[in-house]
$ cat upload.cif   # mmCIF, C-alpha atoms
data_final
#
loop_
_atom_site.label_atom_id
_atom_site.label_comp_id
_atom_site.auth_asym_id
_atom_site.auth_seq_id
_atom_site.Cartn_x
_atom_site.Cartn_y
_atom_site.Cartn_z
CA MET A 1 -27.30 -8.27 -19.78
CA ASP A 2 -27.94 -5.21 -17.66
CA ALA A 3 -31.17 -4.50 -15.73
CA ASN A 4 -32.74 -2.54 -18.58
CA GLU A 5 -32.14 -5.37 -21.02
CA VAL A 6 -33.67 -7.88 -18.59
CA ALA A 7 -36.72 -5.67 -18.16
CA GLN A 8 -37.08 -5.25 -21.91
CA TYR A 9 -36.72 -9.01 -22.44
CA LEU A 10 -39.54 -9.69 -19.98
CA ARG A 11 -41.73 -7.08 -21.68
CA ASP A 12 -41.06 -8.70 -25.05
CA ASN A 13 -41.65 -12.22 -23.72
CA THR A 14 -44.82 -11.99 -21.67
CA ASP A 15 -45.12 -15.78 -21.49
CA PHE A 16 -41.74 -16.14 -19.76
CA PHE A 17 -43.20 -16.95 -16.34
CA GLU A 18 -45.72 -19.31 -17.91
CA ARG A 19 -42.83 -21.27 -19.34
CA HIS A 20 -40.94 -21.04 -16.04
CA ALA A 21 -43.73 -21.25 -13.47
CA GLU A 22 -41.40 -22.70 -10.81
CA LEU A 23 -39.23 -19.58 -11.07
CA PHE A 24 -42.20 -17.26 -10.49
CA VAL A 25 -43.02 -19.08 -7.24
CA SER A 26 -39.46 -19.47 -5.96
CA MET A 27 -38.13 -15.98 -6.68
CA LYS A 28 -37.83 -13.73 -3.60
CA VAL A 29 -38.17 -9.93 -3.67
CA PRO A 30 -38.17 -7.33 -0.85
CA HIS A 31 -41.44 -6.78 1.02
CA PRO A 32 -42.63 -3.23 0.26
CA HIS A 33 -43.26 -2.38 3.94
CA GLU A 34 -41.70 -4.91 6.31
CA GLY A 35 -38.23 -5.28 4.84
CA LYS A 36 -38.38 -9.07 4.55
CA ALA A 37 -38.24 -11.16 1.39
CA VAL A 38 -41.44 -12.54 -0.16
CA SER A 39 -42.20 -14.48 -3.29
CA LEU A 40 -42.76 -12.60 -6.52
CA ALA A 41 -46.38 -13.79 -6.53
CA GLU A 42 -46.96 -12.49 -2.99
CA ARG A 43 -45.28 -9.21 -3.88
CA GLN A 44 -47.68 -8.86 -6.80
CA VAL A 45 -50.66 -9.50 -4.53
CA LEU A 46 -49.41 -6.86 -2.08
CA ALA A 47 -49.05 -4.36 -4.90
CA LEU A 48 -52.60 -5.06 -6.04
CA ARG A 49 -53.90 -4.65 -2.48
CA ASP A 50 -52.17 -1.26 -2.20
CA ARG A 51 -53.69 -0.21 -5.50
CA VAL A 52 -57.17 -1.34 -4.46
CA ARG A 53 -56.81 0.45 -1.12
CA GLY A 54 -55.87 3.65 -2.94
CA MET A 55 -58.86 3.28 -5.26
CA GLU A 56 -61.18 2.70 -2.29
CA LEU A 57 -59.94 5.88 -0.63
CA ARG A 58 -60.44 7.78 -3.88
CA VAL A 59 -63.99 6.45 -4.30
CA ALA A 60 -64.79 7.32 -0.67
CA GLU A 61 -63.54 10.87 -1.28
CA LEU A 62 -65.67 11.17 -4.44
CA VAL A 63 -68.74 9.92 -2.57
CA ARG A 64 -68.11 12.41 0.24
CA ALA A 65 -67.69 15.28 -2.25
CA ALA A 66 -70.84 14.26 -4.12
CA SER A 67 -72.82 14.14 -0.88
CA GLU A 68 -71.53 17.55 0.15
CA ASN A 69 -72.35 19.05 -3.26
CA GLU A 70 -75.85 17.60 -3.11
CA HIS A 71 -76.32 19.15 0.33
CA ILE A 72 -75.15 22.55 -0.96
CA SER A 73 -77.43 22.24 -3.99
CA ASP A 74 -80.40 21.55 -1.72
CA ARG A 75 -79.64 24.65 0.34
CA LEU A 76 -79.14 26.72 -2.83
CA LEU A 77 -82.57 25.60 -4.03
CA LEU A 78 -84.13 26.50 -0.68
CA TRP A 79 -82.56 29.97 -0.78
CA SER A 80 -83.60 30.51 -4.41
CA ARG A 81 -87.16 29.55 -3.55
CA SER A 82 -87.27 32.15 -0.78
CA LEU A 83 -86.17 34.85 -3.25
CA LEU A 84 -88.77 33.83 -5.81
CA LYS A 85 -91.52 33.93 -3.19
CA GLU A 86 -90.62 37.48 -2.14
CA ARG A 87 -92.97 39.84 -3.98
CA ASP A 88 -91.85 43.08 -2.37
CA PRO A 89 -88.64 44.33 -4.08
CA GLN A 90 -87.75 46.40 -1.00
CA ALA A 91 -87.63 43.23 1.08
CA LEU A 92 -85.23 41.46 -1.29
CA PRO A 93 -81.94 42.73 0.26
CA ALA A 94 -82.94 41.29 3.63
CA ALA A 95 -84.14 38.08 1.97
CA VAL A 96 -80.77 37.71 0.24
CA THR A 97 -78.56 38.40 3.26
CA GLN A 98 -80.65 36.76 5.97
CA GLY A 99 -81.32 33.75 3.79
CA LEU A 100 -77.61 33.22 3.15
CA ALA A 101 -76.78 33.62 6.83
CA GLU A 102 -79.45 31.17 7.98
CA ILE A 103 -79.57 28.59 5.22
CA PHE A 104 -75.82 28.40 4.60
CA SER A 105 -74.78 29.10 8.21
CA VAL A 106 -72.59 32.05 7.24
CA PRO A 107 -71.58 34.05 10.36
CA ASP A 108 -71.75 37.47 8.65
CA VAL A 109 -73.30 38.69 5.42
CA ALA A 110 -73.22 42.24 4.05
CA LEU A 111 -74.61 43.87 0.93
CA ARG A 112 -73.96 47.15 -0.83
CA ILE A 113 -75.70 48.48 -3.95
CA TRP A 114 -74.38 51.71 -5.47
CA ALA A 115 -76.37 51.79 -8.70
CA ASP A 116 -79.40 54.11 -8.91
CA THR A 117 -82.46 52.80 -7.07
CA ALA A 118 -85.69 54.34 -5.79
CA PRO A 119 -85.24 57.66 -3.92
CA GLY A 120 -86.68 56.15 -0.76
CA ASP A 121 -83.80 53.65 -0.57
CA ALA A 122 -81.23 56.29 0.41
CA GLN A 123 -81.32 55.41 4.12
CA ALA A 124 -81.33 51.63 3.64
CA PRO A 125 -78.32 49.78 5.14
CA TRP A 126 -77.40 48.35 1.75
CA ARG A 127 -77.02 51.90 0.38
CA GLY A 128 -74.10 52.64 2.71
CA GLU A 129 -70.95 54.49 1.66
CA VAL A 130 -68.77 52.67 -0.88
CA SER A 131 -65.51 54.21 -2.09
CA ALA A 132 -64.54 54.53 -5.74
CA ASP A 133 -61.67 52.09 -5.12
CA ALA A 134 -64.07 49.45 -3.79
CA ARG A 135 -66.31 49.89 -6.81
CA THR A 136 -63.36 49.57 -9.16
CA PHE A 137 -62.28 46.42 -7.33
CA ALA A 138 -65.77 44.93 -7.71
CA ASN A 139 -65.80 45.80 -11.43
CA GLY A 140 -62.54 43.88 -11.82
CA LEU A 141 -63.90 40.70 -10.23
CA MET A 142 -64.82 38.33 -13.01
CA SER A 143 -65.45 35.59 -10.45
CA PRO A 144 -65.89 35.66 -6.67
CA TYR A 145 -62.87 36.33 -4.47
CA CYS A 146 -62.46 33.70 -1.78
CA GLY A 147 -59.69 33.92 0.82
CA PRO A 148 -58.22 35.83 3.76
CA ASN A 149 -59.20 39.34 4.70
CA SER A 150 -56.35 41.47 3.39
CA GLY A 151 -57.71 44.74 4.68
CA PHE A 152 -60.69 44.89 2.31
CA GLU A 153 -63.00 47.86 2.73
CA ALA A 154 -65.94 45.46 2.59
CA ALA A 155 -64.78 43.86 5.86
CA ALA A 156 -65.54 47.16 7.62
CA TRP A 157 -69.20 46.81 6.64
CA LEU A 158 -69.47 44.05 9.25
CA GLU A 159 -69.50 44.46 12.99
CA ARG A 160 -67.43 41.41 13.94
CA GLU A 161 -63.84 40.49 13.19
CA VAL A 162 -63.37 39.15 9.68
CA ARG A 163 -60.53 36.72 9.01
CA SER A 164 -61.79 35.13 5.79
CA LEU A 165 -64.42 36.17 3.30
CA ALA A 166 -65.99 35.74 -0.11
CA LEU A 167 -66.59 38.83 -2.24
CA ILE A 168 -69.24 38.33 -4.90
CA PRO A 169 -69.84 41.05 -7.53
CA LEU A 170 -73.42 41.76 -8.57
CA ARG A 171 -74.08 42.40 -12.25
CA VAL A 172 -76.97 42.67 -14.66
CA GLY A 173 -76.38 39.85 -17.10
CA ILE A 174 -72.90 40.15 -18.60
CA ALA A 175 -72.52 43.86 -17.89
CA PRO A 176 -68.84 44.78 -17.40
CA GLU A 177 -69.59 46.95 -14.38
CA ALA A 178 -70.94 45.69 -11.09
CA PHE A 179 -73.93 47.41 -9.49
CA GLY A 180 -73.16 46.07 -6.03
CA LEU A 181 -71.17 43.66 -3.89
CA LEU A 182 -72.23 40.75 -1.71
CA VAL A 183 -69.94 39.79 1.19
CA LEU A 184 -69.88 36.47 3.03
CA ALA A 185 -67.52 36.59 6.01
CA SER A 186 -66.32 34.59 8.97
CA PRO A 187 -64.00 35.00 11.98
CA ASP A 188 -62.65 31.54 11.06
CA ALA A 189 -59.59 31.85 8.80
CA GLU A 190 -60.36 28.46 7.22
CA ARG A 191 -64.02 29.11 6.33
CA PHE A 192 -63.18 30.79 3.01
CA THR A 193 -59.83 29.83 1.44
CA PRO A 194 -58.23 30.37 -2.00
CA SER A 195 -58.28 26.61 -2.61
CA MET A 196 -62.07 26.47 -2.41
CA GLY A 197 -64.03 26.14 -5.60
CA THR A 198 -66.15 29.15 -6.52
CA ALA A 199 -68.80 27.45 -8.68
CA PHE A 200 -71.51 27.66 -6.00
CA LEU A 201 -70.44 31.19 -5.03
CA SER A 202 -70.85 32.19 -8.68
CA ARG A 203 -74.35 30.70 -8.70
CA ILE A 204 -75.17 32.65 -5.54
CA GLY A 205 -73.95 35.80 -7.28
CA GLU A 206 -76.06 35.15 -10.37
CA LEU A 207 -79.22 34.50 -8.35
CA ALA A 208 -78.64 37.48 -6.05
CA SER A 209 -77.95 39.73 -9.05
CA ALA A 210 -81.11 38.62 -10.84
CA SER A 211 -83.24 39.22 -7.73
CA LEU A 212 -81.69 42.53 -6.66
CA SER A 213 -81.75 43.95 -10.20
CA ARG A 214 -85.47 44.55 -9.57
CA LEU A 215 -84.39 47.45 -7.32
CA LEU A 216 -82.46 49.24 -10.04
CA ALA A 217 -83.96 52.34 -11.64
CA GLU A 218 -82.73 51.89 -15.20
CA GLY A 219 -79.69 49.65 -14.88
CA PRO A 220 -76.30 49.69 -13.17
CA ALA A 221 -74.77 53.11 -12.71
CA ALA A 222 -71.14 53.93 -13.44
#
$ encode --input "upload.cif" --output "structure tokens"
Amino acid sequence: MDANEVAQYLRDNTDFFERHAELFVSMKVPHPHEGKAVSLAERQVLALRDRVRGMELRVAELVRAASENEHISDRLLLWSRSLLKERDPQALPAAVTQGLAEIFSVPDVALRIWADTAPGDAQAPWRGEVSADARTFANGLMSPYCGPNSGFEAAAWLEREVRSLALIPLRVGIAPEAFGLLVLASPDAERFTPSMGTAFLSRIGELASASLSRLLAEGPAA
């Protein structure tokens, strides 16, 4: 019998070691870590310990992730509350950007809106120059961009060096075209990475869009 046949025999005869209990105790197999021989029973215990240790690490990681998500949810609620309490539409851009910077500890936040708003908004910081290419890029974002600064025009809207950023398009409902762009940035290259999930960033975009849409004249402009 070759090894495969032996393995198949044991699978087909699960009571083998019950009928040969002395063999189960006396058999020696290599230790998985120390290179010495141990009994088959001890080897099985070691395997179970390794499996339990792996499960414990996994559970600890899940608990850590759940705690972190709960913390982010609490901050998202706090930021949302500040937007709902703001009755002056003209104060909303500052409420959005300053709230994100303070509540989420984001080093730099910028906002641009290019859709039609009230005539008196022309000199507002969030009405700054935005190229056609940047608008087209924002229109193409179906979800937030999160990663390194690859020479994005939006990075120039900030005063400090930008090494990583999140670009969040602003839309009215499911409109195909964006009416603005929200930028979260950091000089830390690891603050915003492509491997990060964008679920919370999407929620930030939805809430910011709903709040800032109060500034729009009729709806998003082309």
$ atom_distance --input "upload.cif" --atom1 "CA of Ala154 (chain A)" --atom2 "CA of Ile113 (chain A)"
12.1 Å
$ closest_residue --input "upload.cif" --among "A:Val45, A:Ala110, A:Leu181, A:Glu61" --to "Arg160 (chain A)" --atoms "all atoms listed in the file"
A:Ala110
$ closest_residue --input "upload.cif" --among "A:Glu5, A:Glu22, A:Asp121, A:Asp108" --to "Arg191 (chain A)" --atoms "all atoms listed in the file"
A:Asp108
$ residues_around --input "upload.cif" --residues "Leu141 (chain A)" --least-positions-apart "6" --cutoff "9 Å" --atoms "only C-alpha atoms" --output "ChimeraX atom specification"
/A:167-169,178
$ atom_distance --input "upload.cif" --atom1 "CA of Ala166 (chain A)" --atom2 "CA of Gln90 (chain A)"
24.2 Å
$ residues_around --input "upload.cif" --residues "Ile174 (chain A)" --least-positions-apart "6" --cutoff "12 Å" --atoms "all atoms listed in the file" --output "PDB file with C-alpha atoms, in the frame of the given file"
ATOM      1  CA  ASN A 139     -65.800  45.800 -11.430  1.00  0.00           C
ATOM      2  CA  MET A 142     -64.820  38.330 -13.010  1.00  0.00           C
ATOM      3  CA  SER A 143     -65.450  35.590 -10.450  1.00  0.00           C
ATOM      4  CA  GLU A 206     -76.060  35.150 -10.370  1.00  0.00           C
ATOM      5  CA  SER A 209     -77.950  39.730  -9.050  1.00  0.00           C
ATOM      6  CA  ALA A 210     -81.110  38.620 -10.840  1.00  0.00           C
ATOM      7  CA  PRO A 220     -76.300  49.690 -13.170  1.00  0.00           C
TER       8      PRO A 220
END
$ resolve_selection --input "upload.cif" --expression "the PyMOL selection byres ((chain A and resi 188) around 10)" --output "VMD selection string"
chain A and resid 107 148 161 to 165 185 to 187 189 to 192
$ atom_distance --input "upload.cif" --atom1 "CA of Val172 (chain A)" --atom2 "CA of Val96 (chain A)"
16.2 Å
$ residues_around --input "upload.cif" --residues "Ser73 (chain A)" --least-positions-apart "4" --cutoff "12 Å" --atoms "only C-alpha atoms" --output "list in words"
Ala66, Ser67, Glu68, Asn69, Leu77, Leu78, Trp79, Ser80, Ile103, Phe104, Ala199, Phe200, Leu201, Arg203 and Ile204 of chain A
$ closest_residue --input "upload.cif" --among "A:Leu212, A:Leu184, A:Glu102, A:Arg53" --to "Cys146 (chain A)" --atoms "only C-alpha atoms"
A:Leu184
$ closest_atom_pairs --input "upload.cif" --of "region 45-95 of chain A" --to "region 122-127 of chain A" --cutoff "12 Å" --atoms "only C-alpha atoms" --output "tab-separated table"
residue	atom	partner	partner_atom	distance
A:Gln90	CA	A:Ala124	CA	9.5
A:Ala91	CA	A:Ala124	CA	10.8
A:Leu92	CA	A:Trp126	CA	10.9
A:Pro93	CA	A:Trp126	CA	7.4
A:Ala94	CA	A:Trp126	CA	9.2
$ write_last_selection --input "upload.cif" --atoms "C-alpha atoms" --output "PDB file, in the frame of the given file"
ATOM      1  CA  GLN A  90     -87.750  46.400  -1.000  1.00  0.00           C
ATOM      2  CA  ALA A  91     -87.630  43.230   1.080  1.00  0.00           C
ATOM      3  CA  LEU A  92     -85.230  41.460  -1.290  1.00  0.00           C
ATOM      4  CA  PRO A  93     -81.940  42.730   0.260  1.00  0.00           C
ATOM      5  CA  ALA A  94     -82.940  41.290   3.630  1.00  0.00           C
TER       6      ALA A  94
END
$ residues_near_point --input "upload.cif" --point "(-69.4, 42.8, 4.4)" --cutoff "6 Å" --atoms "all atoms listed in the file" --output "PyMOL selection string"
chain A and resi 109-110+154-155+157-158+183
$ axis_aligned_box --input "upload.cif" --around "region 17-20 of chain A" --padding-each-side "3 Å" --output "lines of an AutoDock Vina configuration file"
center_x = -43.3
center_y = -19.1
center_z = -17.7
size_x = 10.8
size_y = 10.3
size_z = 9.3
$ closest_residue --input "upload.cif" --among "A:Ser105, A:Thr193, A:Ser131, A:Gln98" --to "Ile72 (chain A)" --atoms "only C-alpha atoms"
A:Ser105
$ closest_residue --input "upload.cif" --among "A:Asp133, A:Gly205, A:Asp74, A:Leu46" --to "Leu111 (chain A)" --atoms "all atoms listed in the file"
A:Gly205
